[in-house]
Amino acid sequence: MKTEKKKLKRIPTKIVFLVLTLATTILVFTIYFIITFSTVSIKDNLKTAFSLDELPTIIKADKKADDGILHNVKDKSYKYAYTSKPEGLTIGLFSTSYSLPSDDKAGTIKYYIGFNSSDSSTKVSSCSVVVGEKWHDYCSSKSTVSSTAYSTKYVQAEMMTFYNSERTISIDKAQQFPKRYVLGMKKVESPNIYVYVIYTCKNKLQSCIVEFDYDMYFINGFTKVNSLS
């Protein structure tokens with residue numbers, strides 16, 4: 001008697017390729033989102049830098065505009081990054097000078113910060129700034145913004161108005177911020193700027209931290225890059 005051999009059905013190559021591609025894509029994006037949205041390190045550092053027990057909401061600056069003005073300088077528009085997500089308040093910032101640290105010299109970021117609100121009840125009561133980078137586990141010392149910068153006449157102006165006082169924040173000389181790639185999708189070259197604001201809107205005390213990444217606070221045509229070498 002002849003033994004009949006059963007032939008196994010072959011899975012089409014296209015289906016195998018599609019399944020492997022889909023599985024790889026899901027794995028890559030899962031790792032990417034876990035890495036991207038993991039803020040444990042920077043949260044701990046920000047608590048220390050701002051002397052806080054609990055952090056308020058961290059908001060990313062996500063817009064740019066070119067209609068900012070400096071107080072008493074109304075013949076020139078300034079480009080700036082901003083967010084209007086905090087209730088009743090728009091927070092804007094741009095850097096005028098940027099220097100990375102070297103082995104023997106600290107780096108610096110010189111910046112202007114501005115506030116704007118169409119709600120007459122909004123009043124800013126304090127503002128401080130640090131630079132930090134979660135991938136490098138670093139936060140700078142705190143820089144305090146003068147109360148003049150958020151006086152009512154600036155906050156309630158028709159457009160974003162920056163007080164004529166450039167602020168400077170230092171980056172420790174040991175911080176080199178090397179490029180670092182994670183699955184080819186994450187590159188670290190520069191620290192972020194974090195702005196901690198306490199304000200009142202509609203008789204409610206509120207606070208937030210706004211994150212400005214390098215692409216936000218570095219404004220082409222406005223920010224000067226200084227070499228410390």
# chains A, B, ... in the order shown; residues from 1 in each chain; ligands from 1
call {"tool": "residues_around", "arguments": {"residues": "A:Ile193", "least_positions_apart": "4", "cutoff": "6 Å", "atoms": "only C-alpha atoms", "output": "PyMOL selection string"}}
result
chain A and resi 130-131+211-212
call {"tool": "write_last_selection", "arguments": {"atoms": "all heavy atoms", "output": "compact mmCIF listing (two decimals), in the first residue's frame"}}
result
# COMPACT_ATOMS: atom_id res chain seq x y z
N VAL A 130 14.41 77.43 35.14
CA VAL A 130 15.60 76.58 35.16
C VAL A 130 15.78 75.99 33.77
O VAL A 130 14.84 75.96 32.97
CB VAL A 130 15.52 75.42 36.20
CG1 VAL A 130 15.35 75.96 37.60
CG2 VAL A 130 14.40 74.44 35.84
N VAL A 131 16.98 75.50 33.48
CA VAL A 131 17.18 74.69 32.28
C VAL A 131 17.42 73.26 32.75
O VAL A 131 18.01 73.04 33.81
CB VAL A 131 18.34 75.19 31.39
CG1 VAL A 131 18.05 76.57 30.84
CG2 VAL A 131 19.65 75.18 32.14
N GLU A 211 7.31 73.98 29.44
CA GLU A 211 8.55 73.46 28.88
C GLU A 211 8.78 74.03 27.49
O GLU A 211 7.94 73.89 26.61
CB GLU A 211 8.48 71.93 28.80
CG GLU A 211 9.70 71.29 28.15
CD GLU A 211 9.51 69.80 27.92
OE1 GLU A 211 9.67 69.04 28.89
OE2 GLU A 211 9.17 69.41 26.79
N PHE A 212 9.91 74.71 27.32
CA PHE A 212 10.31 75.22 26.01
C PHE A 212 11.51 74.42 25.54
O PHE A 212 12.57 74.48 26.16
CB PHE A 212 10.70 76.70 26.10
CG PHE A 212 9.58 77.64 26.42
CD1 PHE A 212 9.20 77.86 27.73
CD2 PHE A 212 8.90 78.31 25.40
CE1 PHE A 212 8.16 78.73 28.04
CE2 PHE A 212 7.86 79.18 25.70
CZ PHE A 212 7.49 79.39 27.01
call {"tool": "select_by_dssp", "arguments": {"residues": "stretch 29-202 of chain A", "states": "strand (DSSP E)", "output": "PDB file with N, CA, C and O atoms, in the first residue's frame"}}
result
ATOM      1  N   ILE A  58       2.746  70.109  33.809  1.00  0.00           N
ATOM      2  CA  ILE A  58       3.808  70.523  32.892  1.00  0.00           C
ATOM      3  C   ILE A  58       3.214  70.634  31.491  1.00  0.00           C
ATOM      4  O   ILE A  58       2.646  69.678  30.969  1.00  0.00           O
ATOM      5  N   ILE A  59       3.335  71.819  30.896  1.00  0.00           N
ATOM      6  CA  ILE A  59       2.750  72.100  29.589  1.00  0.00           C
ATOM      7  C   ILE A  59       3.867  72.398  28.596  1.00  0.00           C
ATOM      8  O   ILE A  59       4.796  73.148  28.914  1.00  0.00           O
ATOM      9  N   LYS A  60       3.787  71.832  27.419  1.00  0.00           N
ATOM     10  CA  LYS A  60       4.794  72.105  26.391  1.00  0.00           C
ATOM     11  C   LYS A  60       4.390  73.327  25.569  1.00  0.00           C
ATOM     12  O   LYS A  60       3.248  73.417  25.108  1.00  0.00           O
ATOM     13  N   LYS A  63       3.613  76.735  20.145  1.00  0.00           N
ATOM     14  CA  LYS A  63       3.298  77.699  19.087  1.00  0.00           C
ATOM     15  C   LYS A  63       4.367  78.784  19.016  1.00  0.00           C
ATOM     16  O   LYS A  63       5.087  79.026  19.988  1.00  0.00           O
ATOM     17  N   LYS A  64       4.451  79.428  17.853  1.00  0.00           N
ATOM     18  CA  LYS A  64       5.347  80.571  17.683  1.00  0.00           C
ATOM     19  C   LYS A  64       4.574  81.729  17.072  1.00  0.00           C
ATOM     20  O   LYS A  64       3.602  81.531  16.339  1.00  0.00           O
ATOM     21  N   ALA A  65       5.024  82.929  17.386  1.00  0.00           N
ATOM     22  CA  ALA A  65       4.397  84.132  16.838  1.00  0.00           C
ATOM     23  C   ALA A  65       5.469  85.173  16.583  1.00  0.00           C
ATOM     24  O   ALA A  65       6.601  85.041  17.045  1.00  0.00           O
ATOM     25  N   ASP A  66       5.129  86.220  15.850  1.00  0.00           N
ATOM     26  CA  ASP A  66       6.105  87.268  15.542  1.00  0.00           C
ATOM     27  C   ASP A  66       5.561  88.660  15.841  1.00  0.00           C
ATOM     28  O   ASP A  66       5.981  89.647  15.258  1.00  0.00           O
ATOM     29  N   ASP A  67       4.633  88.733  16.801  1.00  0.00           N
ATOM     30  CA  ASP A  67       4.014  90.030  17.105  1.00  0.00           C
ATOM     31  C   ASP A  67       4.351  90.521  18.514  1.00  0.00           C
ATOM     32  O   ASP A  67       3.663  91.363  19.073  1.00  0.00           O
ATOM     33  N   GLY A  68       5.429  89.990  19.111  1.00  0.00           N
ATOM     34  CA  GLY A  68       5.810  90.445  20.439  1.00  0.00           C
ATOM     35  C   GLY A  68       6.523  91.787  20.394  1.00  0.00           C
ATOM     36  O   GLY A  68       7.183  92.123  19.407  1.00  0.00           O
ATOM     37  N   ILE A  69       6.382  92.548  21.463  1.00  0.00           N
ATOM     38  CA  ILE A  69       7.063  93.843  21.530  1.00  0.00           C
ATOM     39  C   ILE A  69       7.773  93.976  22.878  1.00  0.00           C
ATOM     40  O   ILE A  69       7.359  93.388  23.874  1.00  0.00           O
ATOM     41  N   LEU A  70       8.869  94.721  22.883  1.00  0.00           N
ATOM     42  CA  LEU A  70       9.523  95.091  24.127  1.00  0.00           C
ATOM     43  C   LEU A  70       8.920  96.399  24.608  1.00  0.00           C
ATOM     44  O   LEU A  70       8.584  97.276  23.810  1.00  0.00           O
ATOM     45  N   VAL A  73       9.666  99.818  23.059  1.00  0.00           N
ATOM     46  CA  VAL A  73      10.286  99.586  21.744  1.00  0.00           C
ATOM     47  C   VAL A  73       9.188  99.037  20.846  1.00  0.00           C
ATOM     48  O   VAL A  73       9.033  97.843  20.689  1.00  0.00           O
ATOM     49  N   LYS A  74       8.427  99.925  20.239  1.00  0.00           N
ATOM     50  CA  LYS A  74       7.240  99.503  19.520  1.00  0.00           C
ATOM     51  C   LYS A  74       7.418  99.534  18.016  1.00  0.00           C
ATOM     52  O   LYS A  74       6.475  99.352  17.258  1.00  0.00           O
ATOM     53  N   ASP A  75       8.666  99.740  17.563  1.00  0.00           N
ATOM     54  CA  ASP A  75       8.892  99.809  16.121  1.00  0.00           C
ATOM     55  C   ASP A  75       9.456  98.500  15.581  1.00  0.00           C
ATOM     56  O   ASP A  75       9.885  98.421  14.448  1.00  0.00           O
ATOM     57  N   LYS A  76       9.463  97.462  16.415  1.00  0.00           N
ATOM     58  CA  LYS A  76      10.019  96.184  15.980  1.00  0.00           C
ATOM     59  C   LYS A  76       9.230  95.042  16.607  1.00  0.00           C
ATOM     60  O   LYS A  76       8.935  95.056  17.805  1.00  0.00           O
ATOM     61  N   SER A  77       8.879  94.057  15.788  1.00  0.00           N
ATOM     62  CA  SER A  77       8.174  92.880  16.297  1.00  0.00           C
ATOM     63  C   SER A  77       9.192  91.797  16.631  1.00  0.00           C
ATOM     64  O   SER A  77      10.156  91.593  15.897  1.00  0.00           O
ATOM     65  N   TYR A  78       8.955  91.103  17.723  1.00  0.00           N
ATOM     66  CA  TYR A  78       9.855  90.039  18.160  1.00  0.00           C
ATOM     67  C   TYR A  78       9.189  88.677  18.011  1.00  0.00           C
ATOM     68  O   TYR A  78       8.030  88.498  18.368  1.00  0.00           O
ATOM     69  N   LYS A  79       9.949  87.742  17.495  1.00  0.00           N
ATOM     70  CA  LYS A  79       9.449  86.369  17.388  1.00  0.00           C
ATOM     71  C   LYS A  79       9.625  85.685  18.734  1.00  0.00           C
ATOM     72  O   LYS A  79      10.608  85.912  19.433  1.00  0.00           O
ATOM     73  N   TYR A  80       8.691  84.853  19.076  1.00  0.00           N
ATOM     74  CA  TYR A  80       8.767  84.158  20.367  1.00  0.00           C
ATOM     75  C   TYR A  80       7.951  82.866  20.309  1.00  0.00           C
ATOM     76  O   TYR A  80       7.095  82.675  19.429  1.00  0.00           O
ATOM     77  N   ALA A  81       8.236  81.971  21.231  1.00  0.00           N
ATOM     78  CA  ALA A  81       7.453  80.748  21.388  1.00  0.00           C
ATOM     79  C   ALA A  81       6.478  80.968  22.542  1.00  0.00           C
ATOM     80  O   ALA A  81       6.740  81.763  23.448  1.00  0.00           O
ATOM     81  N   TYR A  82       5.369  80.260  22.526  1.00  0.00           N
ATOM     82  CA  TYR A  82       4.395  80.472  23.598  1.00  0.00           C
ATOM     83  C   TYR A  82       3.423  79.301  23.735  1.00  0.00           C
ATOM     84  O   TYR A  82       3.349  78.410  22.879  1.00  0.00           O
ATOM     85  N   THR A  83       2.698  79.328  24.831  1.00  0.00           N
ATOM     86  CA  THR A  83       1.550  78.445  25.012  1.00  0.00           C
ATOM     87  C   THR A  83       0.423  79.258  25.630  1.00  0.00           C
ATOM     88  O   THR A  83       0.662  80.132  26.470  1.00  0.00           O
ATOM     89  N   THR A  90      -1.390  83.533  28.672  1.00  0.00           N
ATOM     90  CA  THR A  90      -0.453  83.125  27.629  1.00  0.00           C
ATOM     91  C   THR A  90       0.956  83.426  28.122  1.00  0.00           C
ATOM     92  O   THR A  90       1.225  84.519  28.627  1.00  0.00           O
ATOM     93  N   ILE A  91       1.859  82.459  27.986  1.00  0.00           N
ATOM     94  CA  ILE A  91       3.229  82.603  28.467  1.00  0.00           C
ATOM     95  C   ILE A  91       4.174  82.490  27.280  1.00  0.00           C
ATOM     96  O   ILE A  91       4.148  81.499  26.552  1.00  0.00           O
ATOM     97  N   GLY A  92       4.979  83.529  27.049  1.00  0.00           N
ATOM     98  CA  GLY A  92       5.868  83.556  25.900  1.00  0.00           C
ATOM     99  C   GLY A  92       7.324  83.724  26.305  1.00  0.00           C
ATOM    100  O   GLY A  92       7.637  84.282  27.364  1.00  0.00           O
ATOM    101  N   LEU A  93       8.227  83.234  25.454  1.00  0.00           N
ATOM    102  CA  LEU A  93       9.655  83.314  25.770  1.00  0.00           C
ATOM    103  C   LEU A  93      10.471  83.223  24.487  1.00  0.00           C
ATOM    104  O   LEU A  93      10.096  82.533  23.544  1.00  0.00           O
ATOM    105  N   PHE A  94      11.586  83.955  24.455  1.00  0.00           N
ATOM    106  CA  PHE A  94      12.547  83.775  23.371  1.00  0.00           C
ATOM    107  C   PHE A  94      13.950  84.026  23.905  1.00  0.00           C
ATOM    108  O   PHE A  94      14.146  84.777  24.867  1.00  0.00           O
ATOM    109  N   SER A  95      14.918  83.362  23.299  1.00  0.00           N
ATOM    110  CA  SER A  95      16.311  83.510  23.720  1.00  0.00           C
ATOM    111  C   SER A  95      17.011  84.507  22.816  1.00  0.00           C
ATOM    112  O   SER A  95      16.813  84.515  21.604  1.00  0.00           O
ATOM    113  N   THR A  96      17.834  85.360  23.422  1.00  0.00           N
ATOM    114  CA  THR A  96      18.611  86.318  22.632  1.00  0.00           C
ATOM    115  C   THR A  96      20.052  85.858  22.443  1.00  0.00           C
ATOM    116  O   THR A  96      20.732  86.287  21.518  1.00  0.00           O
ATOM    117  N   SER A  97      20.516  84.959  23.332  1.00  0.00           N
ATOM    118  CA  SER A  97      21.894  84.508  23.256  1.00  0.00           C
ATOM    119  C   SER A  97      21.993  83.114  23.860  1.00  0.00           C
ATOM    120  O   SER A  97      21.397  82.836  24.910  1.00  0.00           O
ATOM    121  N   TYR A  98      22.752  82.255  23.192  1.00  0.00           N
ATOM    122  CA  TYR A  98      22.839  80.865  23.628  1.00  0.00           C
ATOM    123  C   TYR A  98      24.279  80.374  23.531  1.00  0.00           C
ATOM    124  O   TYR A  98      24.923  80.514  22.490  1.00  0.00           O
ATOM    125  N   SER A  99      24.781  79.820  24.628  1.00  0.00           N
ATOM    126  CA  SER A  99      26.146  79.284  24.648  1.00  0.00           C
ATOM    127  C   SER A  99      26.147  77.948  25.367  1.00  0.00           C
ATOM    128  O   SER A  99      25.688  77.861  26.507  1.00  0.00           O
ATOM    129  N   GLY A 107      27.923  77.454  30.480  1.00  0.00           N
ATOM    130  CA  GLY A 107      27.130  77.932  29.361  1.00  0.00           C
ATOM    131  C   GLY A 107      26.091  78.931  29.856  1.00  0.00           C
ATOM    132  O   GLY A 107      25.844  79.040  31.067  1.00  0.00           O
ATOM    133  N   THR A 108      25.513  79.689  28.951  1.00  0.00           N
ATOM    134  CA  THR A 108      24.494  80.667  29.338  1.00  0.00           C
ATOM    135  C   THR A 108      23.366  80.705  28.314  1.00  0.00           C
ATOM    136  O   THR A 108      23.576  80.460  27.128  1.00  0.00           O
ATOM    137  N   ILE A 109      22.187  80.984  28.798  1.00  0.00           N
ATOM    138  CA  ILE A 109      21.047  81.284  27.928  1.00  0.00           C
ATOM    139  C   ILE A 109      20.471  82.611  28.406  1.00  0.00           C
ATOM    140  O   ILE A 109      20.087  82.754  29.565  1.00  0.00           O
ATOM    141  N   LYS A 110      20.453  83.580  27.523  1.00  0.00           N
ATOM    142  CA  LYS A 110      19.847  84.873  27.836  1.00  0.00           C
ATOM    143  C   LYS A 110      18.475  84.913  27.180  1.00  0.00           C
ATOM    144  O   LYS A 110      18.335  84.535  26.019  1.00  0.00           O
ATOM    145  N   TYR A 111      17.493  85.363  27.927  1.00  0.00           N
ATOM    146  CA  TYR A 111      16.121  85.244  27.428  1.00  0.00           C
ATOM    147  C   TYR A 111      15.238  86.394  27.924  1.00  0.00           C
ATOM    148  O   TYR A 111      15.551  87.093  28.881  1.00  0.00           O
ATOM    149  N   TYR A 112      14.129  86.543  27.239  1.00  0.00           N
ATOM    150  CA  TYR A 112      13.045  87.424  27.670  1.00  0.00           C
ATOM    151  C   TYR A 112      11.808  86.567  27.883  1.00  0.00           C
ATOM    152  O   TYR A 112      11.553  85.631  27.109  1.00  0.00           O
ATOM    153  N   ILE A 113      11.044  86.876  28.919  1.00  0.00           N
ATOM    154  CA  ILE A 113       9.799  86.170  29.146  1.00  0.00           C
ATOM    155  C   ILE A 113       8.669  87.189  29.219  1.00  0.00           C
ATOM    156  O   ILE A 113       8.851  88.320  29.690  1.00  0.00           O
ATOM    157  N   GLY A 114       7.507  86.809  28.688  1.00  0.00           N
ATOM    158  CA  GLY A 114       6.371  87.722  28.673  1.00  0.00           C
ATOM    159  C   GLY A 114       5.080  87.000  29.015  1.00  0.00           C
ATOM    160  O   GLY A 114       4.987  85.776  28.913  1.00  0.00           O
ATOM    161  N   PHE A 115       4.081  87.772  29.438  1.00  0.00           N
ATOM    162  CA  PHE A 115       2.776  87.227  29.787  1.00  0.00           C
ATOM    163  C   PHE A 115       1.699  88.070  29.119  1.00  0.00           C
ATOM    164  O   PHE A 115       1.879  89.274  28.903  1.00  0.00           O
ATOM    165  N   ASN A 116       0.588  87.431  28.822  1.00  0.00           N
ATOM    166  CA  ASN A 116      -0.517  88.176  28.221  1.00  0.00           C
ATOM    167  C   ASN A 116      -1.834  87.518  28.599  1.00  0.00           C
ATOM    168  O   ASN A 116      -1.924  86.286  28.651  1.00  0.00           O
ATOM    169  N   LYS A 123      -3.687  87.811  37.274  1.00  0.00           N
ATOM    170  CA  LYS A 123      -2.514  88.495  37.827  1.00  0.00           C
ATOM    171  C   LYS A 123      -1.431  87.450  38.088  1.00  0.00           C
ATOM    172  O   LYS A 123      -1.679  86.429  38.721  1.00  0.00           O
ATOM    173  N   VAL A 124      -0.221  87.728  37.602  1.00  0.00           N
ATOM    174  CA  VAL A 124       0.912  86.837  37.830  1.00  0.00           C
ATOM    175  C   VAL A 124       1.598  87.269  39.116  1.00  0.00           C
ATOM    176  O   VAL A 124       1.893  88.452  39.312  1.00  0.00           O
ATOM    177  N   SER A 125       1.867  86.302  39.992  1.00  0.00           N
ATOM    178  CA  SER A 125       2.464  86.652  41.282  1.00  0.00           C
ATOM    179  C   SER A 125       3.926  86.238  41.417  1.00  0.00           C
ATOM    180  O   SER A 125       4.653  86.815  42.225  1.00  0.00           O
ATOM    181  N   SER A 126       4.364  85.248  40.649  1.00  0.00           N
ATOM    182  CA  SER A 126       5.785  84.887  40.694  1.00  0.00           C
ATOM    183  C   SER A 126       6.152  84.057  39.478  1.00  0.00           C
ATOM    184  O   SER A 126       5.298  83.422  38.856  1.00  0.00           O
ATOM    185  N   CYS A 127       7.449  84.080  39.147  1.00  0.00           N
ATOM    186  CA  CYS A 127       7.942  83.323  37.998  1.00  0.00           C
ATOM    187  C   CYS A 127       9.420  83.019  38.200  1.00  0.00           C
ATOM    188  O   CYS A 127      10.197  83.905  38.559  1.00  0.00           O
ATOM    189  N   SER A 128       9.789  81.769  37.986  1.00  0.00           N
ATOM    190  CA  SER A 128      11.193  81.375  38.051  1.00  0.00           C
ATOM    191  C   SER A 128      11.492  80.377  36.933  1.00  0.00           C
ATOM    192  O   SER A 128      10.584  79.749  36.392  1.00  0.00           O
ATOM    193  N   VAL A 129      12.776  80.255  36.595  1.00  0.00           N
ATOM    194  CA  VAL A 129      13.177  79.509  35.397  1.00  0.00           C
ATOM    195  C   VAL A 129      14.390  78.629  35.704  1.00  0.00           C
ATOM    196  O   VAL A 129      15.302  79.050  36.430  1.00  0.00           O
ATOM    197  N   VAL A 130      14.409  77.426  35.144  1.00  0.00           N
ATOM    198  CA  VAL A 130      15.603  76.577  35.163  1.00  0.00           C
ATOM    199  C   VAL A 130      15.778  75.986  33.771  1.00  0.00           C
ATOM    200  O   VAL A 130      14.841  75.964  32.970  1.00  0.00           O
ATOM    201  N   VAL A 131      16.975  75.504  33.480  1.00  0.00           N
ATOM    202  CA  VAL A 131      17.176  74.690  32.280  1.00  0.00           C
ATOM    203  C   VAL A 131      17.423  73.265  32.745  1.00  0.00           C
ATOM    204  O   VAL A 131      18.015  73.042  33.807  1.00  0.00           O
ATOM    205  N   GLY A 132      16.942  72.313  31.983  1.00  0.00           N
ATOM    206  CA  GLY A 132      17.096  70.927  32.401  1.00  0.00           C
ATOM    207  C   GLY A 132      16.967  69.970  31.233  1.00  0.00           C
ATOM    208  O   GLY A 132      16.463  70.336  30.167  1.00  0.00           O
ATOM    209  N   GLU A 133      17.407  68.749  31.444  1.00  0.00           N
ATOM    210  CA  GLU A 133      17.317  67.722  30.403  1.00  0.00           C
ATOM    211  C   GLU A 133      17.158  66.364  31.072  1.00  0.00           C
ATOM    212  O   GLU A 133      18.053  65.912  31.797  1.00  0.00           O
ATOM    213  N   TYR A 138      19.699  66.361  34.509  1.00  0.00           N
ATOM    214  CA  TYR A 138      20.293  67.630  34.918  1.00  0.00           C
ATOM    215  C   TYR A 138      19.247  68.732  35.034  1.00  0.00           C
ATOM    216  O   TYR A 138      18.322  68.832  34.220  1.00  0.00           O
ATOM    217  N   CYS A 139      19.389  69.558  36.061  1.00  0.00           N
ATOM    218  CA  CYS A 139      18.653  70.823  36.179  1.00  0.00           C
ATOM    219  C   CYS A 139      19.609  71.877  36.707  1.00  0.00           C
ATOM    220  O   CYS A 139      20.425  71.599  37.595  1.00  0.00           O
ATOM    221  N   SER A 143      16.628  80.665  38.198  1.00  0.00           N
ATOM    222  CA  SER A 143      16.705  82.088  37.871  1.00  0.00           C
ATOM    223  C   SER A 143      15.335  82.704  38.160  1.00  0.00           C
ATOM    224  O   SER A 143      14.312  82.185  37.704  1.00  0.00           O
ATOM    225  N   THR A 144      15.316  83.786  38.920  1.00  0.00           N
ATOM    226  CA  THR A 144      14.040  84.419  39.281  1.00  0.00           C
ATOM    227  C   THR A 144      13.771  85.624  38.385  1.00  0.00           C
ATOM    228  O   THR A 144      14.647  86.458  38.174  1.00  0.00           O
ATOM    229  N   THR A 161       3.755  91.556  25.469  1.00  0.00           N
ATOM    230  CA  THR A 161       4.714  92.612  25.772  1.00  0.00           C
ATOM    231  C   THR A 161       5.774  92.087  26.724  1.00  0.00           C
ATOM    232  O   THR A 161       5.464  91.574  27.798  1.00  0.00           O
ATOM    233  N   PHE A 162       7.033  92.220  26.329  1.00  0.00           N
ATOM    234  CA  PHE A 162       8.151  91.767  27.148  1.00  0.00           C
ATOM    235  C   PHE A 162       8.788  92.965  27.839  1.00  0.00           C
ATOM    236  O   PHE A 162       9.094  93.977  27.198  1.00  0.00           O
ATOM    237  N   ARG A 167      17.103  88.402  30.963  1.00  0.00           N
ATOM    238  CA  ARG A 167      17.500  87.540  32.058  1.00  0.00           C
ATOM    239  C   ARG A 167      18.559  86.545  31.588  1.00  0.00           C
ATOM    240  O   ARG A 167      18.613  86.202  30.404  1.00  0.00           O
ATOM    241  N   THR A 168      19.405  86.083  32.503  1.00  0.00           N
ATOM    242  CA  THR A 168      20.450  85.112  32.159  1.00  0.00           C
ATOM    243  C   THR A 168      20.370  83.920  33.095  1.00  0.00           C
ATOM    244  O   THR A 168      20.187  84.076  34.304  1.00  0.00           O
ATOM    245  N   ILE A 169      20.502  82.739  32.509  1.00  0.00           N
ATOM    246  CA  ILE A 169      20.547  81.525  33.310  1.00  0.00           C
ATOM    247  C   ILE A 169      21.789  80.736  32.901  1.00  0.00           C
ATOM    248  O   ILE A 169      22.158  80.701  31.725  1.00  0.00           O
ATOM    249  N   SER A 170      22.455  80.132  33.883  1.00  0.00           N
ATOM    250  CA  SER A 170      23.715  79.448  33.618  1.00  0.00           C
ATOM    251  C   SER A 170      23.533  77.931  33.523  1.00  0.00           C
ATOM    252  O   SER A 170      22.667  77.352  34.181  1.00  0.00           O
ATOM    253  N   ILE A 171      24.365  77.317  32.681  1.00  0.00           N
ATOM    254  CA  ILE A 171      24.417  75.866  32.556  1.00  0.00           C
ATOM    255  C   ILE A 171      25.778  75.414  33.074  1.00  0.00           C
ATOM    256  O   ILE A 171      26.809  75.891  32.608  1.00  0.00           O
ATOM    257  N   ASN A 192      16.259  71.832  27.823  1.00  0.00           N
ATOM    258  CA  ASN A 192      14.999  72.565  27.728  1.00  0.00           C
ATOM    259  C   ASN A 192      14.998  73.693  28.751  1.00  0.00           C
ATOM    260  O   ASN A 192      15.755  73.677  29.723  1.00  0.00           O
ATOM    261  N   ILE A 193      14.125  74.663  28.538  1.00  0.00           N
ATOM    262  CA  ILE A 193      13.889  75.714  29.530  1.00  0.00           C
ATOM    263  C   ILE A 193      12.542  75.428  30.183  1.00  0.00           C
ATOM    264  O   ILE A 193      11.544  75.189  29.492  1.00  0.00           O
ATOM    265  N   TYR A 194      12.519  75.451  31.519  1.00  0.00           N
ATOM    266  CA  TYR A 194      11.286  75.216  32.270  1.00  0.00           C
ATOM    267  C   TYR A 194      10.920  76.481  33.045  1.00  0.00           C
ATOM    268  O   TYR A 194      11.730  77.005  33.806  1.00  0.00           O
ATOM    269  N   VAL A 195       9.702  76.951  32.830  1.00  0.00           N
ATOM    270  CA  VAL A 195       9.226  78.183  33.450  1.00  0.00           C
ATOM    271  C   VAL A 195       8.109  77.844  34.436  1.00  0.00           C
ATOM    272  O   VAL A 195       7.075  77.282  34.055  1.00  0.00           O
ATOM    273  N   TYR A 196       8.339  78.168  35.701  1.00  0.00           N
ATOM    274  CA  TYR A 196       7.354  77.899  36.762  1.00  0.00           C
ATOM    275  C   TYR A 196       6.631  79.202  37.094  1.00  0.00           C
ATOM    276  O   TYR A 196       7.250  80.177  37.518  1.00  0.00           O
ATOM    277  N   VAL A 197       5.329  79.206  36.891  1.00  0.00           N
ATOM    278  CA  VAL A 197       4.529  80.424  37.066  1.00  0.00           C
ATOM    279  C   VAL A 197       3.412  80.177  38.077  1.00  0.00           C
ATOM    280  O   VAL A 197       2.700  79.170  38.008  1.00  0.00           O
ATOM    281  N   ILE A 198       3.265  81.114  39.004  1.00  0.00           N
ATOM    282  CA  ILE A 198       2.122  81.127  39.921  1.00  0.00           C
ATOM    283  C   ILE A 198       1.294  82.354  39.578  1.00  0.00           C
ATOM    284  O   ILE A 198       1.830  83.462  39.477  1.00  0.00           O
ATOM    285  N   TYR A 199      -0.003  82.163  39.382  1.00  0.00           N
ATOM    286  CA  TYR A 199      -0.843  83.290  39.007  1.00  0.00           C
ATOM    287  C   TYR A 199      -2.272  83.082  39.522  1.00  0.00           C
ATOM    288  O   TYR A 199      -2.645  81.983  39.954  1.00  0.00           O
ATOM    289  N   THR A 200      -3.037  84.152  39.479  1.00  0.00           N
ATOM    290  CA  THR A 200      -4.440  84.108  39.902  1.00  0.00           C
ATOM    291  C   THR A 200      -5.321  84.424  38.711  1.00  0.00           C
ATOM    292  O   THR A 200      -5.059  85.373  37.971  1.00  0.00           O
ATOM    293  N   CYS A 201      -6.346  83.612  38.506  1.00  0.00           N
ATOM    294  CA  CYS A 201      -7.319  83.867  37.443  1.00  0.00           C
ATOM    295  C   CYS A 201      -8.707  83.565  37.986  1.00  0.00           C
ATOM    296  O   CYS A 201      -8.946  82.473  38.514  1.00  0.00           O
TER     297      CYS A 201
END
call {"tool": "select_by_dssp", "arguments": {"residues": "stretch 88-220 of chain A", "states": "alpha helix (DSSP H)", "output": "VMD selection string"}}
result
chain A and resid 152 to 155 214 to 217
call {"tool": "closest_residue", "arguments": {"among": "A:Asp172, A:Thr223, A:Tyr150, A:Ile209", "to": "A:Lys47", "atoms": "only C-alpha atoms"}}
result
A:Ile209
call {"tool": "closest_residue", "arguments": {"among": "A:Asp104, A:Glu87, A:Asp213, A:Asp62", "to": "A:Lys173", "atoms": "only C-alpha atoms"}}
result
A:Asp104
call {"tool": "closest_residue", "arguments": {"among": "A:Ala174, A:Leu55, A:Val145, A:Leu18", "to": "A:Ile42", "atoms": "only C-alpha atoms"}}
result
A:Leu55
call {"tool": "atom_distance", "arguments": {"atom1": "atom CA of A:Pro56", "atom2": "atom CA of A:Ser207"}}
result
6.1 Å
call {"tool": "closest_residue", "arguments": {"among": "A:Phe177, A:Leu205, A:Ser141, A:Ser165", "to": "A:Thr48", "atoms": "only C-alpha atoms"}}
result
A:Ser141
